[in-house]
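Engineer: Got a file for you: coords-v5.cif, mmCIF, C-alpha atoms and all ligand atoms.
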```cif
data_input
#
loop_
_atom_site.label_atom_id
_atom_site.label_comp_id
_atom_site.auth_asym_id
_atom_site.auth_seq_id
_atom_site.Cartn_x
_atom_site.Cartn_y
_atom_site.Cartn_z
CA MET A 1 3.26 -33.09 -38.21
CA LYS A 2 3.24 -29.35 -37.42
CA LYS A 3 6.28 -27.53 -36.06
CA LEU A 4 5.74 -25.55 -32.85
CA ALA A 5 8.31 -23.15 -31.38
CA ILE A 6 8.01 -22.05 -27.76
CA ILE A 7 10.01 -18.97 -26.79
CA GLY A 8 10.60 -18.77 -23.04
CA GLY A 9 11.42 -21.68 -20.75
CA GLY A 10 9.97 -20.37 -17.49
CA ILE A 11 7.03 -21.92 -15.68
CA ILE A 12 4.58 -21.31 -18.56
CA GLY A 13 6.81 -22.38 -21.44
CA LEU A 14 8.09 -25.59 -19.88
CA THR A 15 4.69 -26.67 -18.57
CA LEU A 16 3.16 -26.01 -21.98
CA ALA A 17 5.92 -27.99 -23.74
CA ASN A 18 5.36 -30.99 -21.51
CA TYR A 19 1.59 -31.06 -22.09
CA ILE A 20 1.78 -30.87 -25.89
CA ASP A 21 0.52 -33.89 -27.81
CA LEU A 22 3.71 -34.98 -29.56
CA SER A 23 1.82 -37.09 -32.07
CA LYS A 24 0.62 -33.76 -33.52
CA TYR A 25 3.58 -31.43 -33.00
CA ASN A 26 7.31 -31.36 -33.27
CA VAL A 27 8.31 -29.02 -30.41
CA THR A 28 11.40 -26.82 -29.99
CA LEU A 29 11.76 -24.60 -26.93
CA PHE A 30 14.09 -21.57 -27.07
CA ASP A 31 15.12 -20.04 -23.76
CA ASN A 32 17.67 -17.48 -22.71
CA PRO A 33 17.34 -17.79 -18.92
CA THR A 34 19.05 -14.50 -17.99
CA GLY A 35 16.88 -12.76 -15.40
CA GLN A 36 14.20 -15.43 -15.54
CA ALA A 37 11.56 -14.94 -12.86
CA THR A 38 10.74 -18.61 -12.31
CA LYS A 39 14.35 -19.61 -11.57
CA ALA A 40 14.68 -16.86 -8.93
CA SER A 41 11.36 -17.52 -7.25
CA ALA A 42 10.17 -19.67 -4.44
CA GLY A 43 6.64 -19.18 -3.56
CA ILE A 44 3.48 -19.78 -1.77
CA ILE A 45 0.56 -21.38 -3.57
CA SER A 46 -2.24 -19.93 -1.48
CA PRO A 47 -4.25 -17.31 -3.40
CA TRP A 48 -7.60 -17.62 -1.66
CA LEU A 49 -7.39 -14.72 0.78
CA SER A 50 -5.92 -12.17 -1.61
CA LYS A 51 -7.25 -8.64 -1.22
CA ARG A 52 -7.37 -8.18 -4.99
CA ARG A 53 -10.82 -7.28 -6.31
CA ASN A 54 -10.30 -8.44 -9.89
CA LYS A 55 -12.78 -11.33 -10.11
CA LYS A 56 -11.31 -12.77 -13.31
CA TRP A 57 -7.86 -12.82 -11.74
CA TYR A 58 -9.25 -14.59 -8.67
CA HIS A 59 -11.00 -17.16 -10.84
CA LEU A 60 -7.69 -17.85 -12.61
CA ALA A 61 -5.64 -17.98 -9.38
CA LYS A 62 -8.17 -20.24 -7.67
CA SER A 63 -8.25 -22.54 -10.70
CA GLY A 64 -4.44 -22.48 -10.78
CA ALA A 65 -4.24 -23.66 -7.17
CA ALA A 66 -6.89 -26.33 -7.81
CA PHE A 67 -4.83 -27.57 -10.77
CA TYR A 68 -1.81 -28.47 -8.57
CA PRO A 69 -2.90 -32.02 -7.61
CA LYS A 70 -3.12 -32.90 -11.32
CA LEU A 71 0.24 -31.24 -12.00
CA ILE A 72 1.89 -33.18 -9.17
CA GLN A 73 0.48 -36.43 -10.45
CA ASP A 74 1.20 -35.83 -14.14
CA PHE A 75 4.88 -35.02 -13.52
CA SER A 76 5.45 -36.90 -10.24
CA LEU A 77 6.68 -33.74 -8.51
CA PRO A 78 8.84 -34.68 -5.48
CA PRO A 79 8.79 -32.82 -2.11
CA SER A 80 11.99 -30.97 -3.09
CA VAL A 81 9.88 -29.23 -5.78
CA TYR A 82 6.44 -28.89 -4.20
CA GLN A 83 5.01 -29.56 -0.77
CA GLN A 84 1.62 -28.86 0.68
CA THR A 85 2.44 -27.99 4.28
CA GLY A 86 -0.23 -25.34 4.89
CA THR A 87 -0.07 -21.57 5.23
CA LEU A 88 0.03 -19.40 8.34
CA ILE A 89 -1.29 -15.89 7.84
CA LEU A 90 -0.21 -13.31 10.39
CA ARG A 91 -2.26 -10.14 10.80
CA LYS A 92 -2.85 -7.40 13.33
CA ASP A 93 -5.23 -7.93 16.25
CA GLY A 94 -8.83 -7.84 15.09
CA GLU A 95 -8.03 -8.76 11.46
CA LEU A 96 -7.78 -12.51 11.88
CA GLU A 97 -11.44 -13.23 12.68
CA PRO A 98 -12.79 -11.42 9.57
CA LEU A 99 -10.13 -13.22 7.52
CA ALA A 100 -11.26 -16.57 8.91
CA ARG A 101 -14.85 -15.73 7.91
CA LEU A 102 -13.70 -14.80 4.41
CA ALA A 103 -11.80 -18.11 4.20
CA GLU A 104 -14.97 -20.05 5.17
CA GLU A 105 -16.94 -18.11 2.53
CA ARG A 106 -14.37 -18.76 -0.19
CA LYS A 107 -14.07 -22.41 0.75
CA LEU A 108 -17.60 -22.93 -0.58
CA SER A 109 -16.26 -22.51 -4.13
CA ALA A 110 -12.64 -23.50 -3.39
CA PRO A 111 -12.61 -26.61 -1.18
CA GLU A 112 -8.84 -26.81 -1.81
CA ILE A 113 -8.45 -24.27 1.02
CA GLY A 114 -8.73 -27.24 3.37
CA ASP A 115 -9.01 -26.84 7.14
CA ILE A 116 -9.30 -23.30 8.46
CA GLN A 117 -8.18 -22.68 12.02
CA LEU A 118 -7.47 -19.65 14.19
CA LEU A 119 -4.32 -20.51 16.11
CA HIS A 120 -3.18 -19.25 19.50
CA ALA A 121 0.24 -17.66 19.72
CA GLN A 122 1.91 -20.69 21.28
CA GLU A 123 0.53 -23.10 18.66
CA VAL A 124 1.93 -20.88 15.90
CA SER A 125 5.50 -21.04 17.16
CA THR A 126 5.15 -24.78 17.73
CA ARG A 127 4.14 -25.30 14.10
CA LEU A 128 6.81 -22.93 12.75
CA PRO A 129 9.55 -22.46 15.37
CA LEU A 130 11.11 -19.55 13.48
CA LEU A 131 8.11 -17.42 14.45
CA LYS A 132 7.50 -15.52 17.65
CA GLN A 133 4.44 -16.38 19.67
CA LEU A 134 1.80 -14.48 17.66
CA PRO A 135 -1.72 -15.55 16.70
CA ALA A 136 -2.33 -16.60 13.10
CA LEU A 137 -4.86 -18.07 10.72
CA SER A 138 -3.93 -21.49 9.40
CA ILE A 139 -5.19 -22.92 6.13
CA SER A 140 -4.11 -26.45 5.40
CA GLY A 141 -4.40 -26.32 1.59
CA GLY A 142 -1.50 -23.90 1.09
CA GLY A 143 1.64 -25.19 -0.60
CA LYS A 144 5.13 -24.09 -1.58
CA LEU A 145 6.98 -24.42 -4.86
CA ASP A 146 10.67 -23.98 -5.57
CA GLY A 147 10.79 -22.41 -9.04
CA ALA A 148 14.32 -23.54 -9.98
CA SER A 149 13.71 -27.15 -8.88
CA TYR A 150 10.41 -27.22 -10.79
CA LEU A 151 12.16 -26.16 -14.00
CA ASP A 152 14.98 -28.71 -13.54
CA HIS A 153 12.38 -31.42 -13.08
CA LEU A 154 10.34 -30.40 -16.14
CA ARG A 155 13.43 -30.01 -18.33
CA ARG A 156 14.38 -33.61 -17.58
CA HIS A 157 10.83 -34.65 -18.43
CA ALA A 158 10.95 -32.71 -21.71
CA VAL A 159 14.28 -34.26 -22.75
CA GLN A 160 12.88 -37.76 -22.11
CA LYS A 161 9.99 -36.90 -24.44
CA ASN A 162 12.40 -35.75 -27.19
CA ILE A 163 11.40 -32.09 -26.97
CA GLU A 164 14.30 -30.04 -28.26
CA LEU A 165 15.56 -27.49 -25.70
CA LYS A 166 17.78 -24.70 -26.99
CA THR A 167 19.49 -22.36 -24.53
CA VAL A 168 19.66 -19.33 -26.73
CA SER A 169 18.07 -15.95 -27.40
CA ALA A 170 15.51 -15.91 -30.21
CA GLN A 171 14.05 -13.27 -32.50
CA LEU A 172 10.88 -13.49 -34.53
CA GLU A 173 9.90 -12.78 -38.10
CA ARG A 174 6.49 -13.28 -39.73
CA THR A 175 6.25 -14.36 -43.36
CA GLN A 176 3.03 -14.97 -45.33
CA SER A 177 2.93 -18.65 -44.39
CA HIS A 178 5.35 -19.19 -41.50
CA TRP A 179 7.10 -17.87 -38.43
CA LEU A 180 10.87 -17.59 -38.71
CA ILE A 181 12.95 -17.87 -35.56
CA HIS A 182 16.39 -16.36 -35.76
CA THR A 183 19.14 -17.19 -33.29
CA GLU A 184 22.79 -16.13 -33.46
CA THR A 185 23.68 -19.16 -35.56
CA GLN A 186 20.48 -20.32 -37.26
CA THR A 187 17.13 -19.47 -38.81
CA GLU A 188 14.32 -22.01 -38.67
CA ALA A 189 10.71 -21.93 -39.93
CA PHE A 190 7.72 -22.94 -37.77
CA ASP A 191 3.98 -23.31 -38.41
CA THR A 192 3.01 -21.95 -35.06
CA VAL A 193 4.60 -20.23 -32.03
CA ALA A 194 3.97 -19.77 -28.31
CA LEU A 195 5.56 -16.66 -26.84
CA CYS A 196 6.03 -17.18 -23.09
CA ALA A 197 8.88 -14.72 -22.69
CA GLY A 198 7.86 -12.86 -19.51
CA PRO A 199 8.85 -9.18 -19.82
CA GLY A 200 10.88 -10.10 -22.95
CA LEU A 201 7.60 -10.27 -24.92
CA SER A 202 7.89 -6.58 -25.87
CA ASP A 203 11.29 -7.08 -27.52
CA LEU A 204 9.90 -9.99 -29.52
CA LEU A 205 6.77 -8.28 -30.78
CA THR A 206 7.61 -4.56 -31.02
CA PRO A 207 9.69 -5.08 -34.23
CA LEU A 208 6.61 -6.76 -35.78
CA GLY A 209 4.45 -3.67 -35.22
CA TYR A 210 2.76 -4.59 -31.94
CA LYS A 211 2.42 -2.34 -28.90
CA ILE A 212 2.46 -4.31 -25.63
CA ASP A 213 1.36 -3.29 -22.15
CA ILE A 214 4.14 -5.05 -20.24
CA ARG A 215 6.69 -3.75 -17.76
CA ALA A 216 9.64 -5.32 -15.97
CA GLN A 217 9.70 -5.53 -12.18
CA LYS A 218 12.78 -6.54 -10.23
CA GLY A 219 12.28 -9.07 -7.43
CA GLN A 220 14.86 -10.08 -4.83
CA LEU A 221 14.65 -12.68 -2.13
CA LEU A 222 17.11 -14.04 0.43
CA ALA A 223 17.88 -17.77 0.73
CA PHE A 224 19.32 -18.59 4.17
CA GLU A 225 21.20 -21.76 5.11
CA THR A 226 20.32 -23.00 8.60
CA SER A 227 20.79 -26.23 10.53
CA TYR A 228 17.08 -26.90 11.16
CA LYS A 229 16.46 -30.54 10.34
CA ASN A 230 12.75 -30.80 9.62
CA SER A 231 12.19 -27.43 7.95
CA GLY A 232 10.73 -29.14 4.86
CA ASN A 233 7.63 -30.05 6.87
CA TRP A 234 7.04 -26.58 8.26
CA PRO A 235 4.20 -24.42 6.93
CA VAL A 236 4.88 -21.24 5.01
CA ALA A 237 4.09 -17.90 6.63
CA MET A 238 2.56 -14.84 5.00
CA LEU A 239 3.74 -12.05 7.27
CA ASP A 240 1.69 -8.92 7.68
CA GLY A 241 3.17 -6.37 5.27
CA GLU A 242 3.65 -8.51 2.17
CA SER A 243 6.77 -10.49 2.98
CA ASP A 244 6.80 -14.28 3.10
CA LEU A 245 8.80 -16.87 5.04
CA ILE A 246 9.17 -20.07 3.08
CA PRO A 247 10.95 -23.02 4.72
CA PHE A 248 12.28 -25.73 2.41
CA GLU A 249 14.06 -29.02 3.07
CA ASN A 250 17.53 -29.21 4.68
CA GLY A 251 17.28 -25.96 6.63
CA ARG A 252 16.88 -23.71 3.59
CA ILE A 253 14.74 -20.73 4.63
CA LEU A 254 13.65 -18.18 2.06
CA ILE A 255 12.49 -14.68 2.91
CA GLY A 256 11.07 -12.50 0.16
CA ALA A 257 10.39 -10.76 -1.93
CA THR A 258 10.87 -7.18 -3.10
CA HIS A 259 8.74 -5.52 -5.80
CA GLU A 260 10.89 -2.90 -7.53
CA ASN A 261 9.01 -1.20 -10.34
CA GLU A 262 11.72 1.28 -11.28
CA ALA A 263 14.65 -1.13 -11.55
CA GLY A 264 13.65 -2.65 -14.92
CA PHE A 265 15.88 -5.53 -16.00
CA ASP A 266 18.66 -4.81 -13.47
CA LEU A 267 19.81 -8.00 -11.70
CA THR A 268 22.21 -6.57 -9.10
CA PRO A 269 21.58 -7.75 -5.52
CA THR A 270 21.21 -4.71 -3.28
CA GLU A 271 21.78 -3.78 0.35
CA GLU A 272 18.43 -1.94 0.26
CA ALA A 273 16.60 -5.20 -0.49
CA TYR A 274 18.35 -6.90 2.44
CA THR A 275 17.43 -4.04 4.77
CA GLN A 276 13.84 -3.91 3.57
CA LEU A 277 13.28 -7.67 3.93
CA LYS A 278 14.95 -7.65 7.33
CA GLN A 279 12.82 -4.76 8.61
CA LYS A 280 9.63 -6.44 7.40
CA SER A 281 10.35 -9.89 8.83
CA ILE A 282 12.28 -9.33 12.08
CA PRO A 283 9.17 -8.23 14.05
CA PHE A 284 7.80 -11.76 13.46
CA LEU A 285 10.91 -13.86 14.10
CA SER A 286 11.69 -15.59 17.40
CA ASN A 287 15.43 -15.02 16.86
CA SER A 288 16.01 -11.29 16.41
CA ALA A 289 19.56 -12.06 15.20
CA PHE A 290 18.34 -14.52 12.54
CA PHE A 291 19.80 -12.44 9.69
CA GLU A 292 23.21 -12.14 11.35
CA ASP A 293 23.34 -15.78 12.51
CA HIS A 294 22.97 -17.40 9.08
CA SER A 295 24.68 -17.20 5.72
CA PHE A 296 22.49 -16.34 2.79
CA ALA A 297 22.46 -15.85 -0.97
CA TYR A 298 20.38 -13.45 -3.01
CA ARG A 299 18.01 -14.65 -5.71
CA VAL A 300 17.15 -11.95 -8.22
CA GLY A 301 14.74 -12.14 -11.14
CA THR A 302 12.55 -10.01 -13.39
CA ARG A 303 8.77 -10.33 -13.23
CA ALA A 304 6.44 -9.07 -15.94
CA TYR A 305 3.42 -6.98 -15.02
CA THR A 306 0.66 -5.12 -16.85
CA SER A 307 -1.08 -1.81 -16.08
CA ASP A 308 -3.90 -3.61 -14.24
CA PHE A 309 -1.53 -6.18 -12.70
CA ALA A 310 -3.47 -8.99 -14.40
CA PRO A 311 -1.93 -11.65 -16.64
CA PHE A 312 -2.98 -12.39 -20.20
CA PHE A 313 -2.73 -15.52 -22.33
CA ASN A 314 -4.37 -15.66 -25.71
CA CYS A 315 -3.89 -15.75 -29.47
CA LEU A 316 -2.23 -12.68 -30.95
CA PRO A 317 -4.89 -10.25 -32.22
CA ASN A 318 -6.04 -11.58 -35.62
CA ASP A 319 -3.48 -14.40 -35.73
CA SER A 320 -4.45 -17.83 -34.43
CA THR A 321 -1.02 -19.30 -35.27
CA ALA A 322 0.62 -17.53 -32.33
CA VAL A 323 -0.23 -17.50 -28.64
CA VAL A 324 1.19 -15.08 -26.11
CA ALA A 325 1.28 -15.33 -22.30
CA SER A 326 2.80 -12.83 -19.90
CA GLY A 327 2.13 -10.38 -17.08
CA LEU A 328 1.95 -13.00 -14.33
CA GLY A 329 3.41 -10.60 -11.77
CA SER A 330 3.73 -11.89 -8.20
CA SER A 331 1.40 -14.84 -8.55
CA GLY A 332 2.90 -16.67 -11.53
CA LEU A 333 3.81 -19.77 -9.57
CA THR A 334 0.13 -20.19 -8.80
CA THR A 335 -1.27 -19.32 -12.23
CA GLY A 336 1.65 -20.31 -14.53
CA PRO A 337 1.28 -24.10 -14.65
CA TYR A 338 -2.45 -23.86 -15.34
CA ILE A 339 -1.90 -21.27 -18.08
CA GLY A 340 0.69 -23.60 -19.66
CA PHE A 341 -1.82 -26.46 -19.51
CA LEU A 342 -4.63 -24.36 -21.07
CA LEU A 343 -2.36 -23.22 -23.90
CA ALA A 344 -1.36 -26.84 -24.57
CA GLN A 345 -5.05 -27.78 -24.71
CA TYR A 346 -5.52 -25.12 -27.39
CA PHE A 347 -2.72 -26.57 -29.51
CA ASN A 348 -3.88 -30.15 -28.95
CA GLU A 349 -7.60 -29.58 -29.50
CA GLY A 350 -7.76 -26.37 -31.58
CA GLN A 351 -10.26 -24.59 -29.34
CA HIS A 352 -10.21 -22.34 -26.36
CA ASN A 353 -12.57 -20.70 -23.90
CA TRP A 354 -10.50 -18.34 -21.79
CA GLN A 355 -12.68 -15.25 -21.40
CA ASP A 356 -13.61 -15.97 -17.78
CA PHE A 357 -9.95 -15.67 -16.76
CA GLN A 358 -8.93 -12.36 -18.31
CA LYS A 359 -9.84 -9.23 -20.25
CA THR A 360 -9.73 -9.31 -24.05
CA ILE A 361 -6.27 -9.45 -25.61
CA ASP A 362 -6.57 -5.98 -27.18
CA THR A 363 -6.46 -4.59 -23.62
CA TYR A 364 -2.77 -5.54 -23.60
CA ILE A 365 -1.64 -5.92 -27.22
CA VAL A 366 -2.44 -3.71 -30.20
CA LYS A 367 -1.19 -4.12 -33.78
CA GLU A 368 -0.02 -0.66 -34.84
CA TYR A 369 1.32 -1.36 -38.35
C1 LIG B 1 12.10 -12.99 -6.38
C2 LIG B 1 10.78 -13.47 -6.91
C3 LIG B 1 9.87 -14.06 -6.04
C4 LIG B 1 8.62 -14.52 -6.50
N1 LIG B 1 7.77 -15.12 -5.61
C5 LIG B 1 6.59 -15.61 -6.08
C6 LIG B 1 5.66 -16.25 -5.19
O1 LIG B 1 5.88 -16.34 -3.98
N2 LIG B 1 4.50 -16.76 -5.69
C7 LIG B 1 4.19 -16.66 -7.01
O2 LIG B 1 3.14 -17.16 -7.43
N3 LIG B 1 5.03 -16.03 -7.88
C8 LIG B 1 6.22 -15.50 -7.44
N4 LIG B 1 7.05 -14.85 -8.29
C9 LIG B 1 6.59 -14.59 -9.67
C10 LIG B 1 6.78 -15.76 -10.61
O3 LIG B 1 8.08 -16.26 -10.44
C11 LIG B 1 6.55 -15.31 -12.05
O4 LIG B 1 5.28 -14.67 -12.18
C12 LIG B 1 6.56 -16.50 -13.02
O5 LIG B 1 7.66 -17.33 -12.73
C13 LIG B 1 6.64 -15.99 -14.44
O6 LIG B 1 6.78 -17.08 -15.31
P1 LIG B 1 6.93 -16.89 -16.87
O7 LIG B 1 7.08 -18.25 -17.43
O8 LIG B 1 5.83 -16.02 -17.37
O9 LIG B 1 8.25 -16.00 -17.06
P2 LIG B 1 9.78 -16.33 -16.75
O10 LIG B 1 9.93 -17.32 -15.66
O11 LIG B 1 10.47 -15.01 -16.58
O12 LIG B 1 10.26 -17.04 -18.08
C14 LIG B 1 10.39 -16.34 -19.30
C15 LIG B 1 11.64 -16.83 -19.99
O13 LIG B 1 11.69 -16.33 -21.33
C16 LIG B 1 13.03 -15.96 -21.59
N5 LIG B 1 13.08 -15.07 -22.76
C17 LIG B 1 12.62 -13.80 -22.86
N6 LIG B 1 12.85 -13.31 -24.11
C18 LIG B 1 13.47 -14.32 -24.79
C19 LIG B 1 13.98 -14.44 -26.11
N7 LIG B 1 13.89 -13.43 -27.01
N8 LIG B 1 14.57 -15.60 -26.49
C20 LIG B 1 14.68 -16.64 -25.60
N9 LIG B 1 14.23 -16.58 -24.34
C21 LIG B 1 13.63 -15.44 -23.93
C22 LIG B 1 13.44 -15.29 -20.28
O14 LIG B 1 14.80 -15.03 -20.18
C23 LIG B 1 12.93 -16.35 -19.32
O15 LIG B 1 13.85 -17.40 -19.18
C24 LIG B 1 8.30 -14.38 -7.87
C25 LIG B 1 9.22 -13.81 -8.75
C26 LIG B 1 10.45 -13.35 -8.28
C27 LIG B 1 11.44 -12.74 -9.26
#
```
Now that the file is in, can you turn its structure into structure tokens?
Ligand SMILES: Cc1cc2nc3c(=O)[nH]c(=O)nc-3n(C[C@H](O)[C@H](O)[C@H](O)COP(=O)(O)OP(=O)(O)OC[C@H]3O[C@@H](n4cnc5c(N)ncnc54)[C@H](O)[C@@H]3O)c2cc1C

Structural biologist:
Amino acid sequence: MKKLAIIGGGIIGLTLANYIDLSKYNVTLFDNPTGQATKASAGIISPWLSKRRNKKWYHLAKSGAAFYPKLIQDFSLPPSVYQQTGTLILRKDGELEPLARLAEERKLSAPEIGDIQLLHAQEVSTRLPLLKQLPALSISGGGKLDGASYLDHLRRHAVQKNIELKTVSAQLERTQSHWLIHTETQTEAFDTVALCAGPGLSDLLTPLGYKIDIRAQKGQLLAFETSYKNSGNWPVAMLDGESDLIPFENGRILIGATHENEAGFDLTPTEEAYTQLKQKSIPFLSNSAFFEDHSFAYRVGTRAYTSDFAPFFNCLPNDSTAVVASGLGSSGLTTGPYIGFLLAQYFNEGQHNWQDFQKTIDTYIVKEY
């Protein structure tokens, strides 16, 4: 039996751990959750109408969304974790029709998009009463995932399968034959490692002579408590201008998120984020005092992003005993579970075929010494 260490217990690391064939591997997962992106996030799984031109990224994101039905079934994800309630996309006059045509085009290779409908203003506020009467495009295949609830669910699953979970910071050392993982109290040897550490990947690999193209991006969102009863069944809304409105069960309404490239690993909630999210969302809300009328909490996390904003997951250059995965940016809830699954397939079957999803690994990681 080989020993596998996973560093990072976000959406990639925990999904990977749960898909590993435990008749072949003894698995230990090390995670220091400070600043973790997945725990802070709540997101929309609806990548099909993205304006991004990177075809490999789109192939990955589309495949990630198509993977969700399997994920839900494999781990029996409850509605408190994931719900497919459809997406409403709000755009300026004249932009909705071309978007609907693009959706029809993309549906040919992504039937998961589901029903595509241009909605009149009144219909929009009936479907999602928080919104003003504004026209929108509806796609029924869109879903929403609560990152923290997903991780709680998968941690319970992992414990039932006897995967060892250690809440601790880890450091790496490479010997001729093994990987050594050092924590504050222990050093342990492993045959193989999976490094799913988000923006923490640089700190793990730089001391081993690697140069990594990864940066930290601060993200903040606001979680409001309201008294709406059936909010769990409401669709999510992608508001024009890159903010999202994500209703969850029991009146919990999330509005997010910021993308702060200069804030690094800082986790302080800021007034600026509140103001920015308010300014972006108020023009769409039926209650212009929504922000003042409800209590809220900040959720703050650190995303990882690369120079071309595309994720990577692969073996380390010239070392098939280690895989790395990071740079998921703003779409990691869509791509993360599928990446975790593909990495597990590599460990279970010993082969991979990932080139259609990403550039080569030396685009992002170079061994310098
Ligand atoms: C506010 C916010 C909103 C978002 N909204 C969306 C959205 O709507 N849709 C979407 O698709 N995505 C969204 N995202 C992005 C998404 O959450 C991330 O892309 C994804 O969760 C990244 O997953 P990951 O597993 O790569 O990293 P993470 O979830 O960050 O997990 C990495 C883990 O590794 C740990 N770690 C690092 N170094 C070490 C070490 N040396 N030892 C031990 N542990 C270590 C970290 O602390 C962390 O716990 C959002 C992110 C934020 C912050």

Engineer: Leu119 (chain A): which residues within 6 Å, counting only C-alpha atoms, same-chain residues fewer than 2 positions away excluded, as a VMD selection string?

Structural biologist: chain A and resid 135 to 137

Engineer: Go ahead and write the selection's residues with C-alpha atoms as a JSON list (two decimals), keeping the file's coordinate frame.

Structural biologist:
```json
[["chain", "number", "residue", "atom", "x", "y", "z"],
["A", 135, "PRO", "CA", -1.72, -15.55, 16.70],
["A", 136, "ALA", "CA", -2.33, -16.60, 13.10],
["A", 137, "LEU", "CA", -4.86, -18.07, 10.72]]
```

Engineer: Using all atoms listed in the file, which of A:Asn314, A:Leu221, A:Glu95, A:Gly232 sits nearest Thr275 (chain A)?

Structural biologist: A:Leu221

Engineer: If we count all atoms listed in the file and set the cut-off at 7 Å, which residues sit around Val236 (chain A), ignoring sequence neighbours fewer than 5 positions away in its own chain? Please answer as a PyMOL selection string.

Structural biologist: chain A and resi 86-88+245-247

Engineer: Since we have the selection now, will you write its residues out, keeping C-alpha atoms, as a JSON list (two decimals), keeping the file's coordinate frame?

Structural biologist:
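The resulting part-v8.json:
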```json
[["chain", "number", "residue", "atom", "x", "y", "z"],
["A", 86, "GLY", "CA", -0.23, -25.34, 4.89],
["A", 87, "THR", "CA", -0.07, -21.57, 5.23],
["A", 88, "LEU", "CA", 0.03, -19.40, 8.34],
["A", 245, "LEU", "CA", 8.80, -16.87, 5.04],
["A", 246, "ILE", "CA", 9.17, -20.07, 3.08],
["A", 247, "PRO", "CA", 10.95, -23.02, 4.72]]
```

Engineer: I'd like the interatomic distance between atom N1 of ligand LIG 1 (chain B) and CA of Thr38 (chain A), to a tenth of an Å.

Structural biologist: 8.1 Å

Engineer: Using all atoms listed in the file, determine which residues lie at most 10 Å from region 99-112 of chain A, disregarding the query and same-chain residues fewer than 4 positions distant; provide the list as a PyMOL selection string.

Structural biologist: chain A and resi 46+48-49+59+62-63+65-69+89+91+94-95+116-118+136-142

Engineer: Save the residues we just selected, C-alpha atoms, as a PDB file, in the coordinates of the input?

Structural biologist:
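Generated output (out_34.pdb):
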```pdb
ATOM      1  CA  SER A  46      -2.240 -19.930  -1.480  1.00  0.00           C
ATOM      2  CA  TRP A  48      -7.600 -17.620  -1.660  1.00  0.00           C
ATOM      3  CA  LEU A  49      -7.390 -14.720   0.780  1.00  0.00           C
ATOM      4  CA  HIS A  59     -11.000 -17.160 -10.840  1.00  0.00           C
ATOM      5  CA  LYS A  62      -8.170 -20.240  -7.670  1.00  0.00           C
ATOM      6  CA  SER A  63      -8.250 -22.540 -10.700  1.00  0.00           C
ATOM      7  CA  ALA A  65      -4.240 -23.660  -7.170  1.00  0.00           C
ATOM      8  CA  ALA A  66      -6.890 -26.330  -7.810  1.00  0.00           C
ATOM      9  CA  PHE A  67      -4.830 -27.570 -10.770  1.00  0.00           C
ATOM     10  CA  TYR A  68      -1.810 -28.470  -8.570  1.00  0.00           C
ATOM     11  CA  PRO A  69      -2.900 -32.020  -7.610  1.00  0.00           C
ATOM     12  CA  ILE A  89      -1.290 -15.890   7.840  1.00  0.00           C
ATOM     13  CA  ARG A  91      -2.260 -10.140  10.800  1.00  0.00           C
ATOM     14  CA  GLY A  94      -8.830  -7.840  15.090  1.00  0.00           C
ATOM     15  CA  GLU A  95      -8.030  -8.760  11.460  1.00  0.00           C
ATOM     16  CA  ILE A 116      -9.300 -23.300   8.460  1.00  0.00           C
ATOM     17  CA  GLN A 117      -8.180 -22.680  12.020  1.00  0.00           C
ATOM     18  CA  LEU A 118      -7.470 -19.650  14.190  1.00  0.00           C
ATOM     19  CA  ALA A 136      -2.330 -16.600  13.100  1.00  0.00           C
ATOM     20  CA  LEU A 137      -4.860 -18.070  10.720  1.00  0.00           C
ATOM     21  CA  SER A 138      -3.930 -21.490   9.400  1.00  0.00           C
ATOM     22  CA  ILE A 139      -5.190 -22.920   6.130  1.00  0.00           C
ATOM     23  CA  SER A 140      -4.110 -26.450   5.400  1.00  0.00           C
ATOM     24  CA  GLY A 141      -4.400 -26.320   1.590  1.00  0.00           C
ATOM     25  CA  GLY A 142      -1.500 -23.900   1.090  1.00  0.00           C
TER      26      GLY A 142
END
```

Engineer: Just checking: using only C-alpha atoms, which residue out of A:Asp308, A:Asp319, A:Arg52, A:Tyr274 ends up closest to Gln176 (chain A)?

Structural biologist: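 Once distances to Gln176 (chain A) are computed over only C-alpha atoms, the minimum belongs to A:Asp319.
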
Engineer: Counting all atoms listed in the file, figure out which residue out of A:Leu130, A:Leu195, A:Ile6, A:Leu201 gets nearest to Val27 (chain A).

Structural biologist: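 Checking each candidate against Val27 (chain A), we get A:Ile6 as the closest.
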
Engineer: Show me, as lines of an AutoDock Vina configuration file, the centre and edge lengths in Å to one decimal of the axis-aligned box that covers every listed atom of region 166-177 of chain A with 3 Å on each side.

Structural biologist:
```
center_x = 11.3
center_y = -18.7
center_z = -34.9
size_x = 22.7
size_y = 17.9
size_z = 26.8
```

Engineer: Measure the distance from CA of Ala310 (chain A) to CA of Ile113 (chain A) in Å and round it to one decimal.

Structural biologist: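 Between CA of Ala310 (chain A) and CA of Ile113 (chain A) the gap is 22.3 Å.
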